[in-house]
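Heads up, target.cif below (mmCIF, C-alpha atoms):
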data_model
loop_
_atom_site.label_atom_id
_atom_site.label_comp_id
_atom_site.auth_asym_id
_atom_site.auth_seq_id
_atom_site.Cartn_x
_atom_site.Cartn_y
_atom_site.Cartn_z
CA MET E 1 60.35 40.82 107.57
CA PRO E 2 61.78 37.59 109.01
CA ALA E 3 60.86 34.34 107.28
CA GLY E 4 58.65 32.31 109.62
CA PHE E 5 61.01 30.29 111.76
CA LEU E 6 63.95 32.65 111.05
CA ASP E 7 63.33 35.55 113.40
CA PRO E 8 66.51 37.06 114.87
CA ALA E 9 64.52 39.15 117.37
CA VAL E 10 63.33 36.08 119.30
CA LEU E 11 65.29 35.13 122.41
CA HIS E 12 64.23 31.45 122.36
CA PRO E 13 63.87 30.50 118.66
CA MET E 14 63.13 26.77 119.09
CA ARG E 15 59.97 25.00 120.18
CA PHE E 16 59.50 21.33 120.96
CA PRO E 17 56.93 19.36 118.90
CA ASP E 18 54.37 19.81 121.71
CA GLY E 19 54.68 23.61 121.43
CA ARG E 20 56.80 24.23 124.53
CA VAL E 21 59.58 26.75 124.21
CA ASN E 22 63.09 25.34 124.54
CA ARG E 23 64.49 27.72 127.15
CA GLY E 24 67.89 26.06 126.99
CA LEU E 25 68.51 27.43 123.50
CA VAL E 26 68.95 31.15 122.88
CA HIS E 27 69.85 33.57 120.14
CA LEU E 28 73.01 34.96 121.71
CA ALA E 29 72.61 38.39 120.14
CA ARG E 30 69.39 38.72 122.18
CA ALA E 31 70.76 37.09 125.33
CA ILE E 32 74.06 38.98 125.69
CA ASP E 33 74.51 42.66 126.44
CA HIS E 34 78.26 43.12 126.89
CA PRO E 35 80.39 45.95 125.52
CA ASN E 36 83.23 43.60 124.55
CA ILE E 37 81.14 40.94 122.81
CA ARG E 38 79.60 41.16 119.37
CA VAL E 39 77.44 38.27 118.11
CA GLY E 40 75.77 37.99 114.72
CA ASP E 41 72.08 37.27 114.21
CA PHE E 42 70.81 33.68 114.31
CA THR E 43 73.84 32.40 116.23
CA TYR E 44 72.57 30.25 119.07
CA ALA E 45 73.92 28.57 122.16
CA SER E 46 72.36 25.51 123.74
CA THR E 47 72.65 24.15 127.27
CA PHE E 48 70.95 21.79 129.67
CA ASP E 49 71.42 24.31 132.49
CA PRO E 50 70.37 27.79 131.27
CA PRO E 51 72.41 30.51 133.01
CA GLU E 52 71.31 33.92 134.19
CA ASP E 53 74.31 35.46 132.41
CA TRP E 54 75.17 33.97 129.02
CA ALA E 55 78.23 36.18 128.59
CA ALA E 56 79.70 34.89 131.85
CA ARG E 57 78.90 31.29 130.89
CA LEU E 58 80.59 31.43 127.49
CA ALA E 59 83.41 33.91 128.07
CA PRO E 60 83.92 34.08 131.85
CA TYR E 61 87.19 36.04 131.74
CA LEU E 62 86.01 38.84 129.45
CA TYR E 63 85.07 41.79 131.64
CA PRO E 64 83.50 45.07 130.46
CA GLY E 65 86.26 47.42 129.39
CA ALA E 66 88.82 44.65 128.81
CA PRO E 67 91.48 45.43 126.22
CA GLU E 68 90.20 42.77 123.83
CA ARG E 69 86.91 41.71 122.21
CA LEU E 70 85.08 38.54 121.32
CA GLN E 71 83.44 38.52 117.90
CA ILE E 72 81.14 35.70 116.72
CA GLY E 73 79.56 35.61 113.26
CA ARG E 74 76.06 34.75 112.09
CA PHE E 75 74.39 31.31 112.12
CA CYS E 76 76.93 29.75 114.51
CA GLN E 77 75.87 26.82 116.68
CA ILE E 78 77.39 26.53 120.15
CA ALA E 79 76.82 23.36 122.13
CA ASP E 80 76.59 22.79 125.87
CA GLY E 81 79.75 23.24 127.90
CA VAL E 82 81.63 25.38 125.37
CA ARG E 83 84.02 27.86 126.97
CA ILE E 84 85.77 30.73 125.20
CA ILE E 85 88.92 31.72 127.05
CA THR E 86 89.69 35.30 126.05
CA ALA E 87 93.06 36.98 126.37
CA SER E 88 92.27 38.69 129.67
CA ALA E 89 92.50 35.27 131.29
CA ASN E 90 96.24 35.34 130.74
CA HIS E 91 98.65 36.48 133.45
CA PRO E 92 101.51 38.79 132.47
CA MET E 93 104.47 36.60 131.54
CA ALA E 94 107.22 39.10 130.77
CA GLY E 95 108.40 39.47 134.36
CA ILE E 96 109.92 37.07 136.84
CA SER E 97 106.60 36.13 138.45
CA THR E 98 103.21 35.54 136.83
CA TYR E 99 101.43 36.28 140.12
CA PRO E 100 98.74 38.97 139.53
CA PHE E 101 99.63 41.25 142.47
CA ALA E 102 97.50 44.12 141.13
CA ILE E 103 94.18 42.34 141.63
CA PHE E 104 94.87 42.36 145.38
CA ASP E 105 96.44 45.82 145.60
CA HIS E 106 94.96 48.31 143.15
CA GLN E 107 97.77 50.78 143.81
CA ARG E 108 99.89 48.45 141.69
CA VAL E 109 97.41 48.28 138.80
CA GLY E 110 99.56 50.53 136.61
CA ASP E 111 102.28 47.89 136.46
CA TYR E 112 99.69 45.31 135.50
CA ILE E 113 98.04 47.40 132.78
CA ASP E 114 101.40 48.09 131.16
CA GLN E 115 101.84 44.36 130.71
CA ILE E 116 98.44 43.54 129.18
CA THR E 117 98.12 46.14 126.44
CA GLY E 118 97.60 44.89 122.92
CA LEU E 119 95.76 41.69 123.83
CA PRO E 120 94.37 39.91 120.75
CA ASP E 121 90.69 39.71 119.92
CA THR E 122 89.09 36.27 119.59
CA VAL E 123 87.20 35.98 116.29
CA ILE E 124 84.81 33.20 115.24
CA GLY E 125 83.49 33.28 111.67
CA HIS E 126 80.03 32.49 110.28
CA ASP E 127 78.23 29.12 110.35
CA VAL E 128 80.69 27.60 112.81
CA TRP E 129 79.59 24.55 114.81
CA ILE E 130 81.37 24.30 118.17
CA GLY E 131 80.83 20.87 119.70
CA ASP E 132 80.04 19.89 123.27
CA GLY E 133 82.64 20.90 125.83
CA ALA E 134 85.04 22.48 123.35
CA THR E 135 87.42 25.23 124.48
CA VAL E 136 88.46 28.19 122.33
CA LEU E 137 91.78 29.69 123.40
CA PRO E 138 92.76 33.38 123.59
CA GLY E 139 93.23 35.11 120.28
CA ALA E 140 91.91 32.23 118.18
CA ARG E 141 90.83 33.10 114.63
CA ILE E 142 88.31 30.54 113.45
CA GLY E 143 87.18 30.67 109.83
CA SER E 144 83.64 30.34 108.50
CA GLY E 145 82.08 26.92 108.02
CA VAL E 146 84.38 25.28 110.57
CA ILE E 147 83.29 22.27 112.62
CA ILE E 148 84.96 21.93 116.04
CA GLY E 149 84.74 18.48 117.57
CA ALA E 150 83.46 17.81 121.08
CA GLY E 151 86.08 18.46 123.73
CA ALA E 152 88.53 20.05 121.29
CA VAL E 153 90.95 22.74 122.48
CA VAL E 154 91.31 25.24 119.65
CA GLY E 155 93.89 27.97 119.30
CA GLY E 156 95.65 29.90 116.56
CA THR E 157 94.20 30.34 113.08
CA VAL E 158 91.73 27.77 111.74
CA PRO E 159 91.03 28.02 107.97
CA ASP E 160 87.52 28.12 106.51
CA TYR E 161 85.49 24.93 106.09
CA VAL E 162 87.64 22.43 107.95
CA VAL E 163 86.87 19.92 110.69
CA VAL E 164 89.15 20.13 113.73
CA ALA E 165 89.31 17.92 116.81
CA GLY E 166 91.63 16.95 119.64
CA ASN E 167 93.88 18.69 122.16
CA PRO E 168 95.51 20.61 120.71
CA ALA E 169 92.97 20.69 117.91
CA ARG E 170 94.24 19.68 114.48
CA ILE E 171 92.63 19.56 111.07
CA ILE E 172 90.91 16.20 110.53
CA ARG E 173 89.69 16.97 107.04
CA HIS E 174 88.69 19.72 104.64
CA ARG E 175 84.94 19.85 104.09
CA PHE E 176 85.17 20.99 100.46
CA ASP E 177 87.82 21.53 97.80
CA ALA E 178 89.47 24.95 97.56
CA GLY E 179 87.35 26.08 94.61
CA THR E 180 84.10 25.26 96.40
CA VAL E 181 85.26 27.02 99.56
CA ALA E 182 86.06 30.14 97.56
CA ARG E 183 82.62 30.01 95.95
CA LEU E 184 80.86 29.59 99.29
CA LEU E 185 82.75 32.50 100.81
CA ALA E 186 81.82 34.64 97.81
CA LEU E 187 78.16 33.66 98.12
CA ALA E 188 78.23 34.50 101.87
CA TRP E 189 74.73 33.08 102.29
CA TRP E 190 74.76 34.02 105.99
CA ASP E 191 74.43 37.68 104.97
CA TRP E 192 71.32 37.08 102.84
CA PRO E 193 67.90 38.33 103.96
CA ALA E 194 66.11 35.81 106.19
CA ALA E 195 63.47 35.07 103.56
CA GLN E 196 66.20 34.21 101.05
CA VAL E 197 67.95 31.94 103.55
CA ALA E 198 64.65 30.18 104.26
CA ARG E 199 64.29 29.39 100.55
CA ALA E 200 67.85 28.08 100.47
CA THR E 201 67.63 25.61 103.37
CA ALA E 202 67.16 22.57 101.11
CA ALA E 203 70.21 23.47 99.02
CA LEU E 204 72.24 24.12 102.17
CA ALA E 205 71.25 20.76 103.63
CA ARG E 206 72.09 18.88 100.40
CA GLY E 207 75.42 20.61 99.93
CA ASP E 208 74.24 21.73 96.49
CA VAL E 209 76.40 24.76 95.80
CA ALA E 210 75.03 25.26 92.29
CA ALA E 211 71.46 25.37 93.58
CA LEU E 212 72.50 27.72 96.36
CA ALA E 213 74.10 30.07 93.82
CA GLU E 214 70.89 30.16 91.80
CA LEU E 215 69.02 31.39 94.89
CA ALA E 216 71.44 34.20 95.63
CA PRO E 217 69.73 37.59 95.93
#
Let me see whether you can do it: turn the structure in this file into structure tokens.
Amino acid sequence: MPAGFLDPAVLHPMRFPDGRVNRGLVHLARAIDHPNIRVGDFTYASTFDPPEDWAARLAPYLYPGAPERLQIGRFCQIADGVRIITASANHPMAGISTYPFAIFDHQRVGDYIDQITGLPDTVIGHDVWIGDGATVLPGARIGSGVIIGAGAVVGGTVPDYVVVAGNPARIIRHRFDAGTVARLLALAWWDWPAAQVARATAALARGDVAALAELAP
């Protein structure tokens, strides 16, 4: 059973102090039904302008049946204005022209498909905070525990538990030393049962790794 406030089945998991549901914040796993997108439980997105289609808002170039996928872990936090540019947004670049002739003349689609095979998946780890207006580029591999600054443009591989910012995004600092990062990844608290996570929230907030380890199931 979920632990009180931690219920992954709820579409809108947050209420204001007066009891009103915050309809601008959703559990993405409940809000998105897209064959190319996989989102872990408890990951939420927040916006001031709730869309009809959350998949189109976050990953507008990822169409059903595209040759790549978007994978987002558990307990991620995605702020307003975040956009994930998946590999299908790219135009073929091996030829002389990058003009996508095939989208206007489907008889030429074979030439186009031959050029876009093997597109990379975009993978976002667990407990990643993506700040307001950030952009994730095609094929990015973002580790767990990463913080992405507002407006950052992130591509390539981002290691676990770092803070990145800027355009192009660069590492501003490491959140923990290497030994602590290894311990956190081994604990993988995001995979714990909801009741166990609920008991661990104080340790998580304090950054008390020893206390967190004592609560491990």
Residues near region 162-168 of chain E, anyone? I mean within 12 Å using all atoms listed in the file, not counting same-chain ones fewer than 4 positions away, as a VMD selection string. chain E and resid 127 to 137 142 to 158 172 to 178 181
For region 30-40 of chain E: contacts at 9 Å, all atoms listed in the file, fewer than 2 positions along chain excluded, given as a ChimeraX atom specification: /E:8-12,26-28,42-43,53-55,62-76,126
Computed interatomic separation between CA of Arg15 (chain E) and CA of Ile124 (chain E) (Å):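 Value for the CA of Arg15 (chain E)-CA of Ile124 (chain E) distance: 26.6 Å.
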Figure out the distance between CA of Trp192 (chain E) and CA of Asn22 (chain E), please, to one decimal in Å. 26.0 Å
For this file, the PyMOL selection byres ((chain E and resi 213) around 10) selects which residues, as a ChimeraX atom specification? /E:183-184,186-187,189,200,203,208-212,214-217
Same residues, C-alpha atoms, output as a CSV table (one decimal), in the frame of the given file:
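Output file out-v2.csv is given in full below:
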chain,number,residue,atom,x,y,z
E,183,ARG,CA,82.6,30.0,96.0
E,184,LEU,CA,80.9,29.6,99.3
E,186,ALA,CA,81.8,34.6,97.8
E,187,LEU,CA,78.2,33.7,98.1
E,189,TRP,CA,74.7,33.1,102.3
E,200,ALA,CA,67.8,28.1,100.5
E,203,ALA,CA,70.2,23.5,99.0
E,208,ASP,CA,74.2,21.7,96.5
E,209,VAL,CA,76.4,24.8,95.8
E,210,ALA,CA,75.0,25.3,92.3
E,211,ALA,CA,71.5,25.4,93.6
E,212,LEU,CA,72.5,27.7,96.4
E,214,GLU,CA,70.9,30.2,91.8
E,215,LEU,CA,69.0,31.4,94.9
E,216,ALA,CA,71.4,34.2,95.6
E,217,PRO,CA,69.7,37.6,95.9
Nearest to Gly81 (chain E), chosen from E:Val109, E:Ile96, E:Ala45, E:Ala169, with all atoms listed in the file counted in the distances: E:Ala45
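Note that the spacing between CA of Gly24 (chain E) and CA of Thr47 (chain E) amounts to 5.1 Å.
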Could you work out an axis-aligned bounding box for all listed atoms of region 74-83 of chain E, with 6 Å added on each of the six sides, and give its centre and edge lengths in Å to one decimal, as AutoDock Vina command-line options?
--center_x 79.2 --center_y 28.8 --center_z 120.0 --size_x 21.6 --size_y 24.0 --size_z 27.8
Using only C-alpha atoms, which residue out of E:Arg83, E:Pro50, E:Asp7, E:Arg206 lies closest to Ala194 (chain E)? E:Asp7
